[in-house]
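Worksheet for the structure shown next.
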Amino acid sequence: MGIAFALKKLAGFAARKVNYAERLGEQGLPKLKQIGKSKNGLKVYRGIDEHGAKYTVSFKKDGSPLKLVKQEKYKQNRGYMTTEGSQTLVRNYSKNEGLYIQRSKTDVKTDLSWLGRFFKPGDTVNYTSKSRYNSASFDKFVDGTSQWTQAGNPNWKWTLHERPGITKSVTENKYAPDWQNTQTYFELNNFKFPGGAVHNGRIGFDKGISPLDGEYLRRTRVNPFGDYIKIDYN
């Protein structure tokens, strides 16, 4: 009797786990333990998988999923740099939206040309990014922002803004009060503007101030070997 009951309980748990995976659209779910219940019937569960990823899941009173949050940490050692970071995946079923968030810290170990500049041993680069998708199933990318900064150096920052077909890059450099530069470029990949114009290519702008030139604004090709904006109005 005891063995039959235990087997029935295990079968019930396996069925619930499969049911959770189907309802949440997330495979490889760990065992989830209920950690809270609100007055309106909202239930919250939590679990940790075999790789250390933490899951927090909430369901409405009727059993439909509300939100899933998966958090995991990672560490990479490439010899010339060590990176520690975290990744967070959010499936928001009530808004039918997906979010992917990443944060990391990279310690440079050797002289290194990276991110369009030079770093030396002991430098630390911080990275943050947030990407949004049009559904909890992450079917289509909507927009995202990524940013790199250097610890202890407020005079440099690189930011990327992305949407389907278009990327905006902004690099800020401040060497002195009278020597500053902001480099901006737009990269287009079959990007369609209102009216039907389709654009491809890359174009950049340099804006700043220097002791020799004073204030300036220059239109530039980011790649001097033929990168250009192509416009098709048909």
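Chain labels follow the order of the structure tokens: the first chain is A, the next B, and so on; residue numbering restarts at 1 in every chain, and ligands are counted from 1 in their shown order.
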
Practice task
Mind checking which residues fall within 8 Å of Tyr93 in chain A, counting only C-alpha atoms, ignoring those fewer than 2 positions away in the same chain, and posting them as a PyMOL selection string?
Solution key: chain A and resi 65-67+91+95-97+135-136

Handout entry: Close residues, range 80-88 of chain A itself excluded, 9 Å, only C-alpha atoms, min 5 positions apart in chain, as a PyMOL selection string
Key = chain A and resi 69-75+99-112+121+127

Practice task
Would you please extract all alpha helix (DSSP H) residues from range 13-209 of chain A, as assigned by DSSP on the backbone, and give them as a PyMOL selection string?
Solution key: chain A and resi 13-24

Neighbour list for range 25-29 of chain A as an mmCIF file with all heavy atoms, in the first residue's frame, cut-off 12 Å, only C-alpha atoms, skip fewer than 6 positions in-chain:
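Result file is around_36.cif:
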data_model
loop_
_atom_site.group_PDB
_atom_site.id
_atom_site.type_symbol
_atom_site.label_atom_id
_atom_site.label_comp_id
_atom_site.auth_asym_id
_atom_site.auth_seq_id
_atom_site.Cartn_x
_atom_site.Cartn_y
_atom_site.Cartn_z
ATOM 1 N N ALA A 14 5.310 14.177 -11.529
ATOM 2 C CA ALA A 14 5.820 14.216 -12.902
ATOM 3 C C ALA A 14 4.798 14.845 -13.836
ATOM 4 O O ALA A 14 5.137 15.632 -14.718
ATOM 5 C CB ALA A 14 6.167 12.804 -13.369
ATOM 6 N N ARG A 16 2.454 17.007 -13.005
ATOM 7 C CA ARG A 16 2.378 18.446 -12.713
ATOM 8 C C ARG A 16 3.565 19.177 -13.327
ATOM 9 O O ARG A 16 3.431 20.279 -13.859
ATOM 10 C CB ARG A 16 2.345 18.677 -11.200
ATOM 11 C CG ARG A 16 1.021 18.317 -10.538
ATOM 12 C CD ARG A 16 0.916 18.920 -9.157
ATOM 13 N NE ARG A 16 2.001 18.514 -8.281
ATOM 14 C CZ ARG A 16 2.010 17.400 -7.552
ATOM 15 N NH1 ARG A 16 0.991 16.569 -7.621
ATOM 16 N NH2 ARG A 16 3.040 17.116 -6.765
ATOM 17 N N LYS A 17 4.750 18.540 -13.272
ATOM 18 C CA LYS A 17 5.953 19.165 -13.821
ATOM 19 C C LYS A 17 5.829 19.357 -15.324
ATOM 20 O O LYS A 17 6.153 20.421 -15.859
ATOM 21 C CB LYS A 17 7.175 18.313 -13.482
ATOM 22 C CG LYS A 17 8.501 18.966 -13.852
ATOM 23 C CD LYS A 17 9.661 18.146 -13.365
ATOM 24 C CE LYS A 17 10.982 18.806 -13.722
ATOM 25 N NZ LYS A 17 12.132 17.998 -13.273
ATOM 26 N N VAL A 18 5.345 18.326 -16.027
ATOM 27 C CA VAL A 18 5.125 18.432 -17.467
ATOM 28 C C VAL A 18 4.086 19.494 -17.758
ATOM 29 O O VAL A 18 4.222 20.306 -18.672
ATOM 30 C CB VAL A 18 4.687 17.074 -18.047
ATOM 31 C CG1 VAL A 18 4.258 17.242 -19.500
ATOM 32 C CG2 VAL A 18 5.818 16.062 -17.946
ATOM 33 N N ASN A 19 3.031 19.517 -16.941
ATOM 34 C CA ASN A 19 1.971 20.498 -17.125
ATOM 35 C C ASN A 19 2.499 21.909 -16.925
ATOM 36 O O ASN A 19 2.158 22.825 -17.668
ATOM 37 C CB ASN A 19 0.828 20.208 -16.153
ATOM 38 C CG ASN A 19 -0.373 21.102 -16.386
ATOM 39 O OD1 ASN A 19 -0.632 22.008 -15.618
ATOM 40 N ND2 ASN A 19 -1.100 20.845 -17.463
ATOM 41 N N TYR A 45 5.832 30.086 -6.716
ATOM 42 C CA TYR A 45 6.654 28.898 -6.527
ATOM 43 C C TYR A 45 8.121 29.245 -6.813
ATOM 44 O O TYR A 45 8.420 30.186 -7.559
ATOM 45 C CB TYR A 45 6.224 27.784 -7.490
ATOM 46 C CG TYR A 45 4.821 27.294 -7.285
ATOM 47 C CD1 TYR A 45 3.742 27.994 -7.806
ATOM 48 C CD2 TYR A 45 4.569 26.113 -6.587
ATOM 49 C CE1 TYR A 45 2.439 27.537 -7.631
ATOM 50 C CE2 TYR A 45 3.274 25.642 -6.413
ATOM 51 C CZ TYR A 45 2.214 26.360 -6.935
ATOM 52 O OH TYR A 45 0.933 25.907 -6.759
ATOM 53 N N ARG A 46 9.008 28.454 -6.221
ATOM 54 C CA ARG A 46 10.436 28.686 -6.450
ATOM 55 C C ARG A 46 11.173 27.358 -6.501
ATOM 56 O O ARG A 46 10.798 26.394 -5.827
ATOM 57 C CB ARG A 46 11.014 29.573 -5.344
ATOM 58 C CG ARG A 46 12.462 30.002 -5.578
ATOM 59 C CD ARG A 46 12.837 31.158 -4.655
ATOM 60 N NE ARG A 46 12.126 32.376 -5.036
ATOM 61 C CZ ARG A 46 12.026 33.456 -4.261
ATOM 62 N NH1 ARG A 46 12.566 33.448 -3.048
ATOM 63 N NH2 ARG A 46 11.391 34.525 -4.683
ATOM 64 N N GLY A 47 12.236 27.318 -7.303
ATOM 65 C CA GLY A 47 13.046 26.120 -7.408
ATOM 66 C C GLY A 47 14.399 26.422 -8.015
ATOM 67 O O GLY A 47 14.591 27.469 -8.638
ATOM 68 N N ILE A 48 15.358 25.494 -7.825
ATOM 69 C CA ILE A 48 16.723 25.644 -8.360
ATOM 70 C C ILE A 48 17.057 24.383 -9.141
ATOM 71 O O ILE A 48 16.893 23.267 -8.634
ATOM 72 C CB ILE A 48 17.748 25.854 -7.234
ATOM 73 C CG1 ILE A 48 17.397 27.115 -6.420
ATOM 74 C CG2 ILE A 48 19.152 25.984 -7.807
ATOM 75 C CD1 ILE A 48 18.312 27.350 -5.236
ATOM 76 N N ASP A 49 17.525 24.557 -10.391
ATOM 77 C CA ASP A 49 17.844 23.371 -11.188
ATOM 78 C C ASP A 49 19.253 22.861 -10.878
ATOM 79 O O ASP A 49 19.983 23.444 -10.064
ATOM 80 C CB ASP A 49 17.641 23.636 -12.680
ATOM 81 C CG ASP A 49 18.671 24.598 -13.273
ATOM 82 O OD1 ASP A 49 19.698 24.872 -12.612
ATOM 83 O OD2 ASP A 49 18.454 25.071 -14.404
ATOM 84 N N GLU A 50 19.658 21.800 -11.560
ATOM 85 C CA GLU A 50 20.937 21.151 -11.272
ATOM 86 C C GLU A 50 22.133 22.013 -11.626
ATOM 87 O O GLU A 50 23.259 21.756 -11.172
ATOM 88 C CB GLU A 50 21.010 19.831 -12.034
ATOM 89 C CG GLU A 50 20.880 19.965 -13.529
ATOM 90 C CD GLU A 50 20.869 18.641 -14.252
ATOM 91 O OE1 GLU A 50 21.033 17.609 -13.585
ATOM 92 O OE2 GLU A 50 20.723 18.625 -15.484
ATOM 93 N N HIS A 51 21.929 23.054 -12.452
ATOM 94 C CA HIS A 51 23.021 23.949 -12.826
ATOM 95 C C HIS A 51 23.070 25.213 -11.964
ATOM 96 O O HIS A 51 23.902 26.089 -12.200
ATOM 97 C CB HIS A 51 22.879 24.348 -14.295
ATOM 98 C CG HIS A 51 22.818 23.185 -15.233
ATOM 99 N ND1 HIS A 51 23.885 22.334 -15.441
ATOM 100 C CD2 HIS A 51 21.804 22.704 -16.003
ATOM 101 C CE1 HIS A 51 23.544 21.390 -16.302
ATOM 102 N NE2 HIS A 51 22.285 21.595 -16.668
ATOM 103 N N GLY A 52 22.172 25.320 -11.003
ATOM 104 C CA GLY A 52 22.169 26.467 -10.104
ATOM 105 C C GLY A 52 21.274 27.605 -10.541
ATOM 106 O O GLY A 52 21.234 28.646 -9.878
ATOM 107 N N ALA A 53 20.543 27.443 -11.644
ATOM 108 C CA ALA A 53 19.622 28.490 -12.095
ATOM 109 C C ALA A 53 18.405 28.542 -11.175
ATOM 110 O O ALA A 53 17.822 27.502 -10.841
ATOM 111 C CB ALA A 53 19.189 28.230 -13.530
ATOM 112 N N LYS A 54 18.019 29.752 -10.778
ATOM 113 C CA LYS A 54 16.891 29.934 -9.871
ATOM 114 C C LYS A 54 15.630 30.307 -10.669
ATOM 115 O O LYS A 54 15.670 31.186 -11.510
ATOM 116 C CB LYS A 54 17.203 31.037 -8.854
ATOM 117 C CG LYS A 54 18.388 30.732 -7.960
ATOM 118 C CD LYS A 54 18.652 31.870 -6.986
ATOM 119 C CE LYS A 54 19.853 31.567 -6.095
ATOM 120 N NZ LYS A 54 20.129 32.680 -5.150
ATOM 121 N N TYR A 55 14.539 29.645 -10.353
ATOM 122 C CA TYR A 55 13.258 29.901 -10.998
ATOM 123 C C TYR A 55 12.263 30.437 -9.972
ATOM 124 O O TYR A 55 12.139 29.875 -8.882
ATOM 125 C CB TYR A 55 12.683 28.620 -11.605
ATOM 126 C CG TYR A 55 13.415 28.091 -12.802
ATOM 127 C CD1 TYR A 55 14.608 27.388 -12.668
ATOM 128 C CD2 TYR A 55 12.900 28.275 -14.086
ATOM 129 C CE1 TYR A 55 15.276 26.882 -13.768
ATOM 130 C CE2 TYR A 55 13.562 27.773 -15.197
ATOM 131 C CZ TYR A 55 14.741 27.082 -15.025
ATOM 132 O OH TYR A 55 15.394 26.583 -16.124
ATOM 133 N N THR A 56 11.571 31.505 -10.340
ATOM 134 C CA THR A 56 10.456 32.002 -9.546
ATOM 135 C C THR A 56 9.252 32.093 -10.474
ATOM 136 O O THR A 56 9.314 32.775 -11.505
ATOM 137 C CB THR A 56 10.755 33.385 -8.938
ATOM 138 O OG1 THR A 56 11.942 33.307 -8.144
ATOM 139 C CG2 THR A 56 9.599 33.847 -8.055
ATOM 140 N N VAL A 57 8.188 31.398 -10.135
ATOM 141 C CA VAL A 57 7.024 31.285 -11.004
ATOM 142 C C VAL A 57 5.768 31.662 -10.238
ATOM 143 O O VAL A 57 5.617 31.308 -9.063
ATOM 144 C CB VAL A 57 6.876 29.842 -11.538
ATOM 145 C CG1 VAL A 57 5.705 29.744 -12.498
ATOM 146 C CG2 VAL A 57 8.158 29.393 -12.224
ATOM 147 N N PRO A 65 -0.632 30.958 -15.973
ATOM 148 C CA PRO A 65 0.645 31.540 -15.528
ATOM 149 C C PRO A 65 0.636 33.062 -15.592
ATOM 150 O O PRO A 65 0.050 33.656 -16.494
ATOM 151 C CB PRO A 65 1.660 30.961 -16.510
ATOM 152 C CG PRO A 65 0.879 30.654 -17.734
ATOM 153 C CD PRO A 65 -0.488 30.258 -17.263
ATOM 154 N N LYS A 67 3.830 34.986 -14.385
ATOM 155 C CA LYS A 67 5.199 35.384 -14.704
ATOM 156 C C LYS A 67 6.169 34.274 -14.321
ATOM 157 O O LYS A 67 5.972 33.571 -13.332
ATOM 158 C CB LYS A 67 5.572 36.680 -13.965
ATOM 159 C CG LYS A 67 6.934 37.245 -14.326
ATOM 160 C CD LYS A 67 7.228 38.526 -13.533
ATOM 161 C CE LYS A 67 6.347 39.672 -13.970
ATOM 162 N NZ LYS A 67 6.748 40.947 -13.303
ATOM 163 N N LEU A 68 7.239 34.140 -15.127
ATOM 164 C CA LEU A 68 8.346 33.249 -14.810
ATOM 165 C C LEU A 68 9.636 34.051 -14.869
ATOM 166 O O LEU A 68 9.873 34.784 -15.829
ATOM 167 C CB LEU A 68 8.410 32.079 -15.799
ATOM 168 C CG LEU A 68 9.587 31.092 -15.622
ATOM 169 C CD1 LEU A 68 9.163 29.684 -16.003
ATOM 170 C CD2 LEU A 68 10.807 31.497 -16.472
ATOM 171 N N VAL A 69 10.454 33.918 -13.840
ATOM 172 C CA VAL A 69 11.754 34.590 -13.800
ATOM 173 C C VAL A 69 12.834 33.528 -13.585
ATOM 174 O O VAL A 69 12.796 32.771 -12.612
ATOM 175 C CB VAL A 69 11.818 35.637 -12.669
ATOM 176 C CG1 VAL A 69 13.208 36.295 -12.642
ATOM 177 C CG2 VAL A 69 10.731 36.690 -12.839
ATOM 178 N N LYS A 70 13.780 33.465 -14.525
ATOM 179 C CA LYS A 70 14.896 32.528 -14.427
ATOM 180 C C LYS A 70 16.185 33.335 -14.276
ATOM 181 O O LYS A 70 16.506 34.180 -15.104
ATOM 182 C CB LYS A 70 14.972 31.659 -15.678
ATOM 183 C CG LYS A 70 16.142 30.689 -15.689
ATOM 184 C CD LYS A 70 16.195 29.920 -17.002
ATOM 185 C CE LYS A 70 17.385 28.984 -17.064
ATOM 186 N NZ LYS A 70 17.465 28.270 -18.362
ATOM 187 N N LEU A 89 16.034 35.897 -17.349
ATOM 188 C CA LEU A 89 15.006 35.744 -18.367
ATOM 189 C C LEU A 89 13.647 35.903 -17.704
ATOM 190 O O LEU A 89 13.383 35.278 -16.673
ATOM 191 C CB LEU A 89 15.127 34.371 -19.036
ATOM 192 C CG LEU A 89 14.102 34.003 -20.107
ATOM 193 C CD1 LEU A 89 14.772 33.141 -21.182
ATOM 194 C CD2 LEU A 89 12.927 33.238 -19.510
ATOM 195 N N VAL A 90 12.819 36.766 -18.275
ATOM 196 C CA VAL A 90 11.491 37.023 -17.703
ATOM 197 C C VAL A 90 10.432 36.738 -18.756
ATOM 198 O O VAL A 90 10.433 37.356 -19.833
ATOM 199 C CB VAL A 90 11.356 38.486 -17.216
ATOM 200 C CG1 VAL A 90 9.973 38.720 -16.611
ATOM 201 C CG2 VAL A 90 12.448 38.830 -16.211
ATOM 202 N N ARG A 91 9.544 35.803 -18.461
ATOM 203 C CA ARG A 91 8.369 35.565 -19.306
ATOM 204 C C ARG A 91 7.173 36.196 -18.602
ATOM 205 O O ARG A 91 6.708 35.691 -17.574
ATOM 206 C CB ARG A 91 8.140 34.071 -19.506
ATOM 207 C CG ARG A 91 9.274 33.345 -20.216
ATOM 208 C CD ARG A 91 8.869 31.890 -20.464
ATOM 209 N NE ARG A 91 9.974 31.086 -20.955
ATOM 210 C CZ ARG A 91 10.315 30.973 -22.235
ATOM 211 N NH1 ARG A 91 9.628 31.648 -23.150
ATOM 212 N NH2 ARG A 91 11.323 30.205 -22.603
ATOM 213 N N ASN A 92 6.680 37.308 -19.120
ATOM 214 C CA ASN A 92 5.526 37.991 -18.539
ATOM 215 C C ASN A 92 4.290 37.607 -19.343
ATOM 216 O O ASN A 92 4.052 38.126 -20.429
ATOM 217 C CB ASN A 92 5.742 39.510 -18.557
ATOM 218 C CG ASN A 92 4.725 40.239 -17.713
ATOM 219 O OD1 ASN A 92 3.557 39.858 -17.648
ATOM 220 N ND2 ASN A 92 5.165 41.303 -17.051
ATOM 221 N N TYR A 93 3.520 36.681 -18.812
ATOM 222 C CA TYR A 93 2.366 36.150 -19.545
ATOM 223 C C TYR A 93 1.196 37.122 -19.551
ATOM 224 O O TYR A 93 0.416 37.148 -20.502
ATOM 225 C CB TYR A 93 1.944 34.809 -18.944
ATOM 226 C CG TYR A 93 3.072 33.819 -18.880
ATOM 227 C CD1 TYR A 93 3.828 33.669 -17.724
ATOM 228 C CD2 TYR A 93 3.418 33.048 -19.989
ATOM 229 C CE1 TYR A 93 4.887 32.770 -17.657
ATOM 230 C CE2 TYR A 93 4.476 32.152 -19.939
ATOM 231 C CZ TYR A 93 5.205 32.023 -18.766
ATOM 232 O OH TYR A 93 6.264 31.147 -18.713
ATOM 233 N N GLY A 98 8.462 39.252 -23.354
ATOM 234 C CA GLY A 98 9.655 38.591 -22.872
ATOM 235 C C GLY A 98 10.784 39.583 -22.664
ATOM 236 O O GLY A 98 10.964 40.496 -23.471
ATOM 237 N N SER A 135 6.560 38.648 -27.144
ATOM 238 C CA SER A 135 5.708 37.668 -26.483
ATOM 239 C C SER A 135 6.502 36.965 -25.395
ATOM 240 O O SER A 135 7.739 37.029 -25.359
ATOM 241 C CB SER A 135 5.174 36.640 -27.482
ATOM 242 O OG SER A 135 6.197 35.748 -27.868
ATOM 243 N N ALA A 136 5.779 36.270 -24.519
ATOM 244 C CA ALA A 136 6.436 35.502 -23.468
ATOM 245 C C ALA A 136 7.207 34.322 -24.036
ATOM 246 O O ALA A 136 8.023 33.727 -23.343
ATOM 247 C CB ALA A 136 5.394 35.026 -22.457
ATOM 248 N N SER A 137 6.967 34.000 -25.303
ATOM 249 C CA SER A 137 7.683 32.912 -25.970
ATOM 250 C C SER A 137 8.944 33.386 -26.686
ATOM 251 O O SER A 137 9.613 32.604 -27.354
ATOM 252 C CB SER A 137 6.757 32.229 -26.987
ATOM 253 O OG SER A 137 5.608 31.709 -26.355
ATOM 254 N N PHE A 138 9.250 34.685 -26.599
ATOM 255 C CA PHE A 138 10.436 35.260 -27.226
ATOM 256 C C PHE A 138 10.433 35.024 -28.737
ATOM 257 O O PHE A 138 11.436 34.654 -29.330
ATOM 258 C CB PHE A 138 11.718 34.694 -26.599
ATOM 259 C CG PHE A 138 11.971 35.184 -25.201
ATOM 260 C CD1 PHE A 138 11.294 34.639 -24.128
ATOM 261 C CD2 PHE A 138 12.869 36.202 -24.960
ATOM 262 C CE1 PHE A 138 11.514 35.081 -22.841
ATOM 263 C CE2 PHE A 138 13.106 36.664 -23.672
ATOM 264 C CZ PHE A 138 12.424 36.104 -22.604
ATOM 265 N N ASP A 139 9.286 35.249 -29.363
ATOM 266 C CA ASP A 139 9.159 34.996 -30.797
ATOM 267 C C ASP A 139 9.880 36.029 -31.647
ATOM 268 O O ASP A 139 10.494 35.702 -32.654
ATOM 269 C CB ASP A 139 7.676 34.964 -31.201
ATOM 270 C CG ASP A 139 6.949 33.782 -30.586
ATOM 271 O OD1 ASP A 139 7.580 32.728 -30.430
ATOM 272 O OD2 ASP A 139 5.763 33.927 -30.243
#

Fill in the blank from the handout: If you count only C-alpha atoms, the residue of A:Gln180, A:Gln34, A:Asn126, A:Asn190 closest to Pro164 in chain A turns out to be A:Asn190
